[in-house]
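Quick look at entry21.txt (compact mmCIF, C-alpha atoms and all ligand atoms):
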```txt
# COMPACT_ATOMS: atom_id res chain seq x y z
CA MET E 62 83.23 129.24 95.95
CA THR E 63 84.07 128.07 99.48
CA PRO E 64 87.80 128.03 100.18
CA LEU E 65 89.36 124.57 99.83
CA LEU E 66 91.00 124.90 103.24
CA GLU E 67 90.66 127.61 105.83
CA PRO E 68 92.14 128.18 109.29
CA LYS E 69 89.53 127.68 112.04
CA PRO E 70 90.00 127.58 115.82
CA GLY E 71 89.96 123.77 115.60
CA GLY E 72 92.65 123.67 112.91
CA LEU E 73 92.74 123.73 109.09
CA TYR E 74 89.24 122.97 107.87
CA CYS E 75 87.96 121.73 104.52
CA ALA E 76 84.25 122.63 104.33
CA GLU E 77 83.60 120.73 101.14
CA GLY E 78 84.91 117.45 102.56
CA ASP E 79 83.88 118.37 106.13
CA PHE E 80 87.24 117.36 107.59
CA PHE E 81 90.10 118.96 109.51
CA VAL E 82 93.82 118.42 109.05
CA ASP E 83 95.56 117.79 112.43
CA PRO E 84 92.66 119.24 114.44
CA VAL E 85 93.48 120.40 117.95
CA ARG E 86 90.16 119.12 119.30
CA ALA E 87 87.99 116.07 118.70
CA VAL E 88 86.12 116.28 115.36
CA LYS E 89 83.99 114.12 113.09
CA ARG E 90 86.66 113.56 110.49
CA ALA E 91 90.41 114.19 110.72
CA VAL E 92 93.33 113.78 108.37
CA ILE E 93 96.44 113.33 110.52
CA THR E 94 99.89 114.16 109.14
CA HIS E 95 101.96 112.41 111.83
CA GLY E 96 101.99 110.91 115.30
CA HIS E 97 103.38 113.77 117.43
CA SER E 98 100.85 114.45 120.12
CA ASP E 99 100.02 118.02 119.10
CA HIS E 100 99.04 116.80 115.61
CA ALA E 101 97.55 113.40 116.43
CA ARG E 102 95.01 113.87 119.16
CA ALA E 103 92.66 111.21 120.42
CA GLY E 104 88.87 111.26 120.19
CA HIS E 105 88.07 111.83 116.50
CA GLU E 106 85.20 109.86 115.00
CA GLN E 107 87.16 109.11 111.84
CA VAL E 108 90.86 109.33 111.12
CA LEU E 109 92.73 109.11 107.83
CA ALA E 110 96.51 108.66 108.19
CA THR E 111 99.36 106.35 107.24
CA ALA E 112 99.39 102.90 108.88
CA GLU E 113 102.50 103.97 110.82
CA THR E 114 100.79 107.06 112.22
CA ILE E 115 97.72 105.04 113.22
CA ALA E 116 99.98 102.50 114.96
CA ILE E 117 101.75 105.33 116.82
CA MET E 118 98.39 106.75 117.93
CA GLU E 119 97.37 103.31 119.19
CA VAL E 120 100.59 102.88 121.17
CA ARG E 121 100.24 106.29 122.73
CA CYS E 122 96.48 106.61 123.26
CA GLY E 123 95.18 103.05 123.08
CA ASP E 124 93.19 101.14 120.47
CA ASP E 125 90.18 103.37 121.01
CA CYS E 126 92.14 106.53 120.10
CA ALA E 127 89.67 107.07 117.25
CA GLY E 128 86.38 105.60 116.01
CA ILE E 129 87.08 104.55 112.44
CA LYS E 130 90.76 104.38 111.50
CA GLN E 131 91.51 104.45 107.79
CA ALA E 132 95.09 103.79 106.74
CA ALA E 133 96.37 105.15 103.42
CA ARG E 134 99.67 104.35 101.73
CA TYR E 135 101.90 107.12 100.43
CA GLY E 136 100.54 108.12 97.03
CA GLN E 137 97.13 106.52 97.58
CA THR E 138 94.21 108.91 96.97
CA THR E 139 91.08 108.98 99.11
CA THR E 140 87.99 110.80 97.87
CA ILE E 141 86.02 112.72 100.49
CA GLY E 142 83.00 114.40 98.91
CA ASN E 143 84.30 116.51 96.00
CA VAL E 144 87.77 116.57 97.48
CA LYS E 145 90.72 114.24 97.02
CA VAL E 146 93.29 113.65 99.73
CA THR E 147 96.66 112.03 99.02
CA LEU E 148 99.41 111.45 101.58
CA LYS E 149 103.02 112.04 100.50
CA PRO E 150 106.20 111.53 102.58
CA ALA E 151 107.24 114.49 104.74
CA GLY E 152 110.58 113.14 106.00
CA HIS E 153 109.84 114.21 109.59
CA ILE E 154 109.36 110.94 111.56
CA LEU E 155 108.17 107.41 110.77
CA GLY E 156 104.88 107.57 108.86
CA SER E 157 104.86 111.37 108.60
CA ALA E 158 102.95 112.68 105.61
CA GLN E 159 102.09 115.82 103.74
CA ALA E 160 98.36 115.98 103.08
CA VAL E 161 97.76 116.89 99.43
CA VAL E 162 94.21 118.26 99.23
CA GLU E 163 92.68 118.71 95.76
CA ARG E 164 89.44 119.98 94.26
CA GLY E 165 89.46 119.96 90.48
CA ALA E 166 92.69 121.62 89.40
CA GLU E 167 93.19 123.37 92.74
CA ARG E 168 95.80 121.87 95.05
CA ILE E 169 96.88 122.72 98.60
CA VAL E 170 99.70 120.86 100.33
CA VAL E 171 99.68 120.74 104.12
CA SER E 172 103.20 119.65 104.87
CA GLY E 173 102.66 119.10 108.59
CA ASP E 174 106.17 119.05 109.99
CA TYR E 175 108.96 118.23 107.56
CA LYS E 176 112.65 118.15 106.80
CA ARG E 177 114.45 117.69 103.51
CA ARG E 178 117.46 115.64 104.49
CA ARG E 179 117.80 111.89 104.62
CA ASP E 180 116.68 110.10 107.78
CA PRO E 181 117.22 106.32 108.13
CA THR E 182 113.96 106.01 110.08
CA CYS E 183 111.50 107.46 107.56
CA ALA E 184 110.71 108.06 103.90
CA ARG E 185 112.23 111.20 102.40
CA PHE E 186 110.19 114.38 101.77
CA GLU E 187 108.62 114.40 98.32
CA PRO E 188 108.08 117.86 96.80
CA VAL E 189 104.59 118.29 95.30
CA GLU E 190 103.76 121.20 93.00
CA CYS E 191 100.82 123.15 94.36
CA ASP E 192 98.83 126.37 94.45
CA VAL E 193 99.18 126.80 98.18
CA PHE E 194 101.99 125.31 100.25
CA ILE E 195 101.53 125.30 104.01
CA SER E 196 104.91 125.27 105.69
CA GLU E 197 105.99 124.97 109.27
CA ALA E 198 108.59 127.46 110.50
CA THR E 199 109.84 125.95 113.76
CA PHE E 200 113.41 126.92 112.86
CA GLY E 201 112.42 129.78 110.59
CA LEU E 202 115.30 132.12 111.34
CA PRO E 203 118.61 132.37 109.44
CA VAL E 204 120.53 131.55 112.65
CA PHE E 205 119.18 128.01 112.50
CA THR E 206 121.40 125.85 110.34
CA HIS E 207 121.48 122.17 111.19
CA PRO E 208 124.86 120.55 110.47
CA PRO E 209 124.98 117.08 108.87
CA ASP E 210 123.68 114.53 111.39
CA THR E 211 126.69 112.27 110.76
CA GLN E 212 128.90 115.06 112.11
CA GLU E 213 126.88 115.34 115.32
CA ILE E 214 126.87 111.55 115.82
CA ALA E 215 130.66 111.58 115.31
CA LYS E 216 130.86 114.09 118.18
CA LEU E 217 128.97 111.69 120.42
CA LEU E 218 131.16 108.74 119.42
CA HIS E 219 134.27 110.83 119.97
CA SER E 220 133.11 111.75 123.47
CA ILE E 221 132.42 108.07 124.25
CA ALA E 222 135.97 107.24 123.11
CA VAL E 223 137.53 110.07 125.13
CA PHE E 224 135.54 109.34 128.31
CA PRO E 225 135.23 105.54 128.34
CA GLU E 226 134.57 105.54 132.09
CA ARG E 227 131.55 107.84 131.87
CA ALA E 228 128.02 107.02 130.77
CA HIS E 229 126.45 109.22 128.11
CA LEU E 230 122.88 110.28 128.84
CA VAL E 231 121.41 111.49 125.57
CA GLY E 232 118.21 113.49 125.85
CA ALA E 233 116.00 112.87 122.84
CA TYR E 234 112.26 113.15 122.40
CA SER E 235 110.57 109.78 122.65
CA LEU E 236 108.98 109.73 119.21
CA GLY E 237 111.23 110.24 116.22
CA LYS E 238 114.38 111.74 117.65
CA ALA E 239 115.24 108.82 119.93
CA GLN E 240 114.89 106.26 117.13
CA ARG E 241 116.80 108.44 114.66
CA ILE E 242 119.73 108.88 117.07
CA ILE E 243 119.82 105.11 117.64
CA ALA E 244 119.66 104.35 113.90
CA LEU E 245 122.40 106.90 113.18
CA LEU E 246 124.62 105.40 115.89
CA ARG E 247 124.12 101.96 114.31
CA GLU E 248 124.95 103.33 110.85
CA ALA E 249 128.13 104.81 112.29
CA GLY E 250 129.13 101.32 113.49
CA TYR E 251 128.19 101.58 117.17
CA ASP E 252 126.99 98.07 118.01
CA ALA E 253 127.00 97.96 121.82
CA PRO E 254 123.63 97.62 123.57
CA ILE E 255 121.83 100.96 124.00
CA PHE E 256 119.86 101.56 127.19
CA LEU E 257 116.37 102.99 126.99
CA HIS E 258 114.20 105.01 129.31
CA GLY E 259 110.73 103.46 129.69
CA ALA E 260 109.04 106.30 127.77
CA MET E 261 110.51 105.13 124.47
CA VAL E 262 110.55 101.34 124.74
CA GLU E 263 107.20 100.71 123.03
CA LEU E 264 107.85 103.28 120.31
CA CYS E 265 111.21 101.66 119.52
CA LYS E 266 109.45 98.29 119.21
CA LEU E 267 106.95 99.91 116.85
CA TYR E 268 109.75 101.27 114.64
CA GLU E 269 111.26 97.78 114.54
CA ARG E 270 107.87 96.35 113.52
CA PHE E 271 107.86 98.75 110.58
CA GLY E 272 111.32 97.59 109.52
CA VAL E 273 113.61 100.19 111.11
CA ARG E 274 116.59 98.28 112.53
CA LEU E 275 117.69 99.63 115.91
CA GLY E 276 119.97 96.84 117.15
CA LEU E 277 120.12 95.62 120.73
CA LEU E 278 118.11 97.87 123.05
CA ILE E 279 117.81 97.26 126.79
CA PRO E 280 115.12 98.99 128.88
CA LEU E 281 116.64 100.56 132.01
CA THR E 282 114.15 98.59 134.09
CA GLU E 283 115.87 95.40 132.91
CA ALA E 284 119.35 96.66 133.79
CA LYS E 285 119.03 96.85 137.56
CA ASN E 286 122.60 96.12 138.63
CA LYS E 287 124.32 97.41 135.57
CA ILE E 288 127.40 99.64 135.75
CA PHE E 289 126.76 102.23 133.05
CA SER E 290 130.36 103.37 132.46
CA GLY E 291 130.91 103.81 128.76
CA SER E 292 127.26 103.12 127.90
CA VAL E 293 124.77 105.19 125.95
CA VAL E 294 121.44 105.81 127.67
CA ILE E 295 118.64 107.48 125.70
CA ALA E 296 115.93 109.26 127.68
CA PRO E 297 113.48 112.14 127.24
CA PRO E 298 115.13 115.50 128.03
CA SER E 299 112.76 115.94 130.98
CA VAL E 300 114.91 113.50 132.99
CA PHE E 301 117.99 115.72 133.35
CA GLY E 302 118.66 116.17 137.04
CA GLU E 303 116.10 113.56 138.12
CA ARG E 304 117.16 111.46 141.07
CA TRP E 305 117.34 108.16 139.19
CA THR E 306 120.04 109.49 136.87
CA ARG E 307 122.46 109.07 139.82
CA ARG E 308 122.29 105.38 138.99
CA LEU E 309 124.32 106.22 135.91
CA GLY E 310 127.24 107.40 138.04
CA ASP E 311 129.43 110.15 136.60
CA HIS E 312 127.88 110.83 133.21
CA VAL E 313 127.90 113.24 130.29
CA ASN E 314 124.62 115.09 129.73
CA SER E 315 123.94 115.30 126.01
CA PHE E 316 120.86 116.58 124.21
CA ALA E 317 119.90 116.10 120.57
CA SER E 318 117.79 119.01 119.34
CA GLY E 319 117.77 121.76 116.76
CA TRP E 320 117.67 124.18 119.68
CA MET E 321 121.20 123.14 120.62
CA ARG E 322 122.35 125.61 117.95
CA ILE E 323 121.92 128.17 120.74
CA ARG E 324 125.10 127.36 122.68
CA ALA E 325 124.41 129.70 125.57
CA ARG E 326 121.12 127.93 126.13
CA ALA E 327 122.77 124.51 126.16
CA ARG E 328 125.40 125.69 128.65
CA GLN E 329 122.82 127.30 130.87
CA GLN E 330 120.92 124.02 131.04
CA GLY E 331 124.02 122.03 131.92
CA ILE E 332 124.22 120.23 128.58
CA GLU E 333 127.85 119.25 128.26
CA LEU E 334 127.52 117.74 124.83
CA PRO E 335 124.90 119.51 122.68
CA LEU E 336 124.03 117.67 119.47
CA ILE E 337 122.33 119.75 116.79
CA VAL E 338 120.01 117.15 115.32
CA SER E 339 116.53 118.23 114.28
CA ASP E 340 113.57 116.57 112.59
CA HIS E 341 112.49 119.96 111.26
CA ALA E 342 113.72 121.85 108.22
CA ASP E 343 116.34 124.47 109.03
CA TRP E 344 116.27 127.97 107.49
CA GLU E 345 118.16 126.74 104.43
CA GLU E 346 115.72 123.87 103.84
CA LEU E 347 112.65 126.06 104.43
CA THR E 348 113.75 128.73 101.96
CA ALA E 349 115.00 126.19 99.40
CA THR E 350 111.61 124.46 99.56
CA VAL E 351 109.72 127.71 98.89
CA GLU E 352 112.04 128.44 95.96
CA GLU E 353 111.71 124.94 94.57
CA LEU E 354 107.92 124.79 94.78
CA ARG E 355 107.20 128.45 94.02
CA PRO E 356 103.56 128.07 95.04
CA ARG E 357 100.98 130.70 94.12
CA GLU E 358 100.82 131.38 97.84
CA LEU E 359 102.70 130.30 100.97
CA TRP E 360 100.95 129.91 104.31
CA VAL E 361 103.22 129.68 107.33
CA THR E 362 102.49 128.07 110.66
CA HIS E 363 104.38 126.73 113.71
CA GLY E 364 107.04 128.90 115.22
CA GLN E 365 108.93 131.72 113.55
CA GLU E 366 106.28 132.66 111.01
CA ASP E 367 107.30 136.25 110.30
CA ALA E 368 110.81 135.73 108.94
CA LEU E 369 109.71 133.08 106.44
CA VAL E 370 106.70 135.16 105.36
CA HIS E 371 109.04 138.10 104.79
CA TYR E 372 111.54 135.98 102.89
CA SER E 373 108.83 134.47 100.71
CA ARG E 374 107.43 137.87 99.75
CA SER E 375 110.94 139.08 98.96
CA ILE E 376 111.26 136.44 96.24
CA GLY E 377 107.82 137.25 94.86
CA VAL E 378 105.79 134.48 96.49
CA PRO E 379 102.81 135.96 98.37
CA ALA E 380 102.75 134.67 101.93
CA ARG E 381 100.67 134.88 105.08
CA PRO E 382 101.11 133.73 108.67
CA LEU E 383 98.35 131.36 109.82
CA SER E 384 98.85 131.84 113.56
CA LEU E 385 97.10 128.54 114.33
CA LYS E 386 96.75 127.87 118.03
CA GLY E 387 97.31 124.64 119.90
CA TYR E 388 100.48 123.32 118.27
CA ASP E 389 103.76 122.79 120.03
CA GLU E 390 105.98 125.61 118.87
CA THR E 391 109.15 124.00 120.15
CA GLY E 392 108.78 121.52 117.35
CA GLU E 393 109.27 118.31 119.27
CA GLY E 394 105.58 117.54 119.50
CA GLU E 395 105.94 115.88 122.84
CA PRO E 396 103.95 116.30 126.01
CA GLU E 397 107.00 117.28 128.10
CA THR E 398 106.10 120.91 127.64
CA GLY E 399 107.19 121.97 131.11
CA THR E 400 110.70 120.93 130.25
CA GLN E 401 110.59 122.58 126.87
CA ALA E 402 109.42 125.82 128.36
CA THR E 403 112.35 125.85 130.75
CA LEU E 404 114.87 124.55 128.26
CA PHE E 405 113.97 126.95 125.48
CA PRO E 406 112.66 130.22 126.83
CA LEU E 407 113.72 131.96 123.67
CA ASN E 408 111.97 133.46 120.72
CA ALA E 409 112.64 135.76 117.84
CA ASN E 410 111.96 138.79 119.97
CA GLY E 411 114.06 137.54 122.83
CA GLY E 412 110.92 137.12 124.91
CA ASN E 413 109.84 134.28 127.11
CA GLY E 414 107.22 131.59 127.18
CA LYS E 415 105.30 129.38 124.81
CA ASP E 416 102.60 131.90 123.99
CA SER E 417 105.05 134.26 122.42
CA GLY E 418 106.09 131.65 119.90
CA LEU E 419 109.22 129.85 121.03
ZN ZN E 501 106.09 116.83 114.58
ZN ZN E 502 104.43 120.10 114.78
```
Kindly transcribe the structure held in the file into structure tokens.
Amino acid sequence: MTPLLEPKPGGLYCAEGDFFVDPVRAVKRAVITHGHSDHARAGHEQVLATAETIAIMEVRCGDDCAGIKQAARYGQTTTIGNVKVTLKPAGHILGSAQAVVERGAERIVVSGDYKRRRDPTCARFEPVECDVFISEATFGLPVFTHPPDTQEIAKLLHSIAVFPERAHLVGAYSLGKAQRIIALLREAGYDAPIFLHGAMVELCKLYERFGVRLGLLIPLTEAKNKIFSGSVVIAPPSVFGERWTRRLGDHVNSFASGWMRIRARARQQGIELPLIVSDHADWEELTATVEELRPRELWVTHGQEDALVHYSRSIGVPARPLSLKGYDETGEGEPETGTQATLFPLNANGGNGKDSGL
């Protein structure tokens, strides 16, 4: 019998349904787990995804990002040939889904990117029993433990209180992280206007449209003569050191990322206030998920594959690395790869560069 899913150069392929999950090049039919640009590429003839993911693709790549766009709700099953596809929440960003692929009694779960903890901007990860679980491993090393996000937001609020005369420039990737940081600030009671870099304005509006309350947001372009003392400005991390940031006057450089666990790296990049906030599972969440699901087999992709494969085998769950090409190993799924490469030239072997698996 043909395998239900198999790794191909274009991505994970289901021959029986003739579709790919998160293909890295344009295909006839694609199931898309979420809107990060390395998973949701433009140019497919047909796309199946959540309504949120389709809306994100439209904002980023235009209405003609795909031929036929089919939106599915969480839990809704779509039949493609002999195969059934159901999307379940992945807890990663707004609209992110695990693709549950079934043929008869056989079930493979492609989790896309995921995290297990609560996030006010998206539905929480739903564990699904399966034969094969495909897990990311962006932070698949024991050194990566993400503290509670409330604790990191408290650090930011404390810094704002201690330095009321300084602006706080918070680097956060435009899709997912920026909105989560804003929502967490609001939950913590911060109700002043938050200033936004142009890259995230439309995406914030989209989150609002889907019911995520972000409070008063002001695009920087509409704050021409503003004195930014004491204000929070959210921008993609690629802006650190750019000329326009002088407009902010004396300011604190902050960066919200799972990679901020590596303090030396943060210091080296001039990040005064590192915030360890990640939209990916940390080592604890990855291993707990494998133990909870105990699939017949674990397939690992994205990032630090080897350590999770080794761990999985050690608890009696057969595992294999998928080594899929074309996905952003830094885990932020954003096009600012130049910045990521310079910000995070670190991998498990201490080597450099994206190709070696950041
Ligand atoms: Zn992602
Ligand atoms: Zn990813």
Please extract the residues at most 12 Å from ligand ZN 502 (chain E), counting all atoms listed in the file, and provide them as a compact mmCIF listing (two decimals) with C-alpha atoms, in the coordinates of the input, using the chain letters and residue numbers of this document.
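Full text of result-v4.txt as output:
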```
# COMPACT_ATOMS: atom_id res chain seq x y z
CA ASP E 83 95.56 117.79 112.43
CA PRO E 84 92.66 119.24 114.44
CA VAL E 85 93.48 120.40 117.95
CA ILE E 93 96.44 113.33 110.52
CA THR E 94 99.89 114.16 109.14
CA HIS E 95 101.96 112.41 111.83
CA GLY E 96 101.99 110.91 115.30
CA HIS E 97 103.38 113.77 117.43
CA SER E 98 100.85 114.45 120.12
CA ASP E 99 100.02 118.02 119.10
CA HIS E 100 99.04 116.80 115.61
CA ALA E 101 97.55 113.40 116.43
CA ALA E 151 107.24 114.49 104.74
CA HIS E 153 109.84 114.21 109.59
CA ILE E 154 109.36 110.94 111.56
CA SER E 157 104.86 111.37 108.60
CA ALA E 158 102.95 112.68 105.61
CA VAL E 171 99.68 120.74 104.12
CA SER E 172 103.20 119.65 104.87
CA GLY E 173 102.66 119.10 108.59
CA ASP E 174 106.17 119.05 109.99
CA TYR E 175 108.96 118.23 107.56
CA LYS E 176 112.65 118.15 106.80
CA SER E 196 104.91 125.27 105.69
CA GLU E 197 105.99 124.97 109.27
CA ALA E 198 108.59 127.46 110.50
CA THR E 199 109.84 125.95 113.76
CA PHE E 200 113.41 126.92 112.86
CA ASP E 340 113.57 116.57 112.59
CA HIS E 341 112.49 119.96 111.26
CA ALA E 342 113.72 121.85 108.22
CA THR E 362 102.49 128.07 110.66
CA HIS E 363 104.38 126.73 113.71
CA GLY E 364 107.04 128.90 115.22
CA LEU E 385 97.10 128.54 114.33
CA LYS E 386 96.75 127.87 118.03
CA GLY E 387 97.31 124.64 119.90
CA TYR E 388 100.48 123.32 118.27
CA ASP E 389 103.76 122.79 120.03
CA GLU E 390 105.98 125.61 118.87
CA THR E 391 109.15 124.00 120.15
CA GLY E 392 108.78 121.52 117.35
CA GLU E 393 109.27 118.31 119.27
CA GLY E 394 105.58 117.54 119.50
CA GLU E 395 105.94 115.88 122.84
CA PRO E 396 103.95 116.30 126.01
```
Is it possible to get the residues within 12 Å of (93.2, 118.1, 92.3) (coordinates as in the file, counting only C-alpha atoms) written as a count of residues only? 23
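Between CA of Ala253 (chain E) and CA of Ile221 (chain E) the interatomic distance comes to 11.7 Å.
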List as number ranges by chain the protein and nucleic acid residues near Ser373 (chain E), meaning an atom at most 8 Å away when only C-alpha atoms are counted, but skip any in the same chain fewer than 5 places from it. E: 348, 351, 359, 378-380
Region 230-243 of chain E: which residues within 8 Å, counting all atoms listed in the file, same-chain residues fewer than 3 positions away excluded, as a ChimeraX atom specification? /E:97,153-155,180-182,214,246-247,255,260-261,264-265,268,275,293-301,312-318,339-340,393,395
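CA of Ala76 (chain E) lies 10.7 Å from CA of Met62 (chain E).
Nearest to ligand ZN 501 (chain E) of all the residues E:Gln159, E:Val120, E:Thr211, E:Asp311 is E:Gln159, based on all atoms listed in the file.
The coordinates place CA of Leu257 (chain E) at 27.9 Å from CA of Ala110 (chain E).
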Enclosing box along x, y and z for every listed atom of region 375-384 of chain E, padded 6 Å each side, centre and size in Å, one decimal, as lines of an AutoDock Vina configuration file:
```
center_x = 104.8
center_y = 135.2
center_z = 104.2
size_x = 24.9
size_y = 19.7
size_z = 30.7
```
Nearest candidate to ligand ZN 501 (chain E) (options E:Gly152, E:Leu354, E:Pro280, E:Phe289; using all atoms listed in the file): E:Gly152
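Closest approach to ligand ZN 501 (chain E) from the set E:Thr114, E:Lys287, E:Arg328, E:Glu346 is made by E:Thr114, with distances taken over only C-alpha atoms and all ligand atoms.
Each of E:Leu218, E:Gly156, E:Arg90, E:Val262 was compared to ligand ZN 501 (chain E) using all atoms listed in the file, and E:Gly156 turns out to be the nearest.
Using all atoms listed in the file, the shortest contact distance between Glu119 (chain E) and any of E:Met321, E:Gly71, E:Tyr135, E:Leu267 is found at E:Leu267.
Every protein or nucleic acid residue with an atom no more than 9 Å from Leu281 (chain E), counting all atoms listed in the file and leaving out same-chain residues fewer than 2 positions away, appears here: Phe256, Leu257, His258, Gly259, Ile279, Glu283, Ala284, Lys285 and Val294 of chain E.
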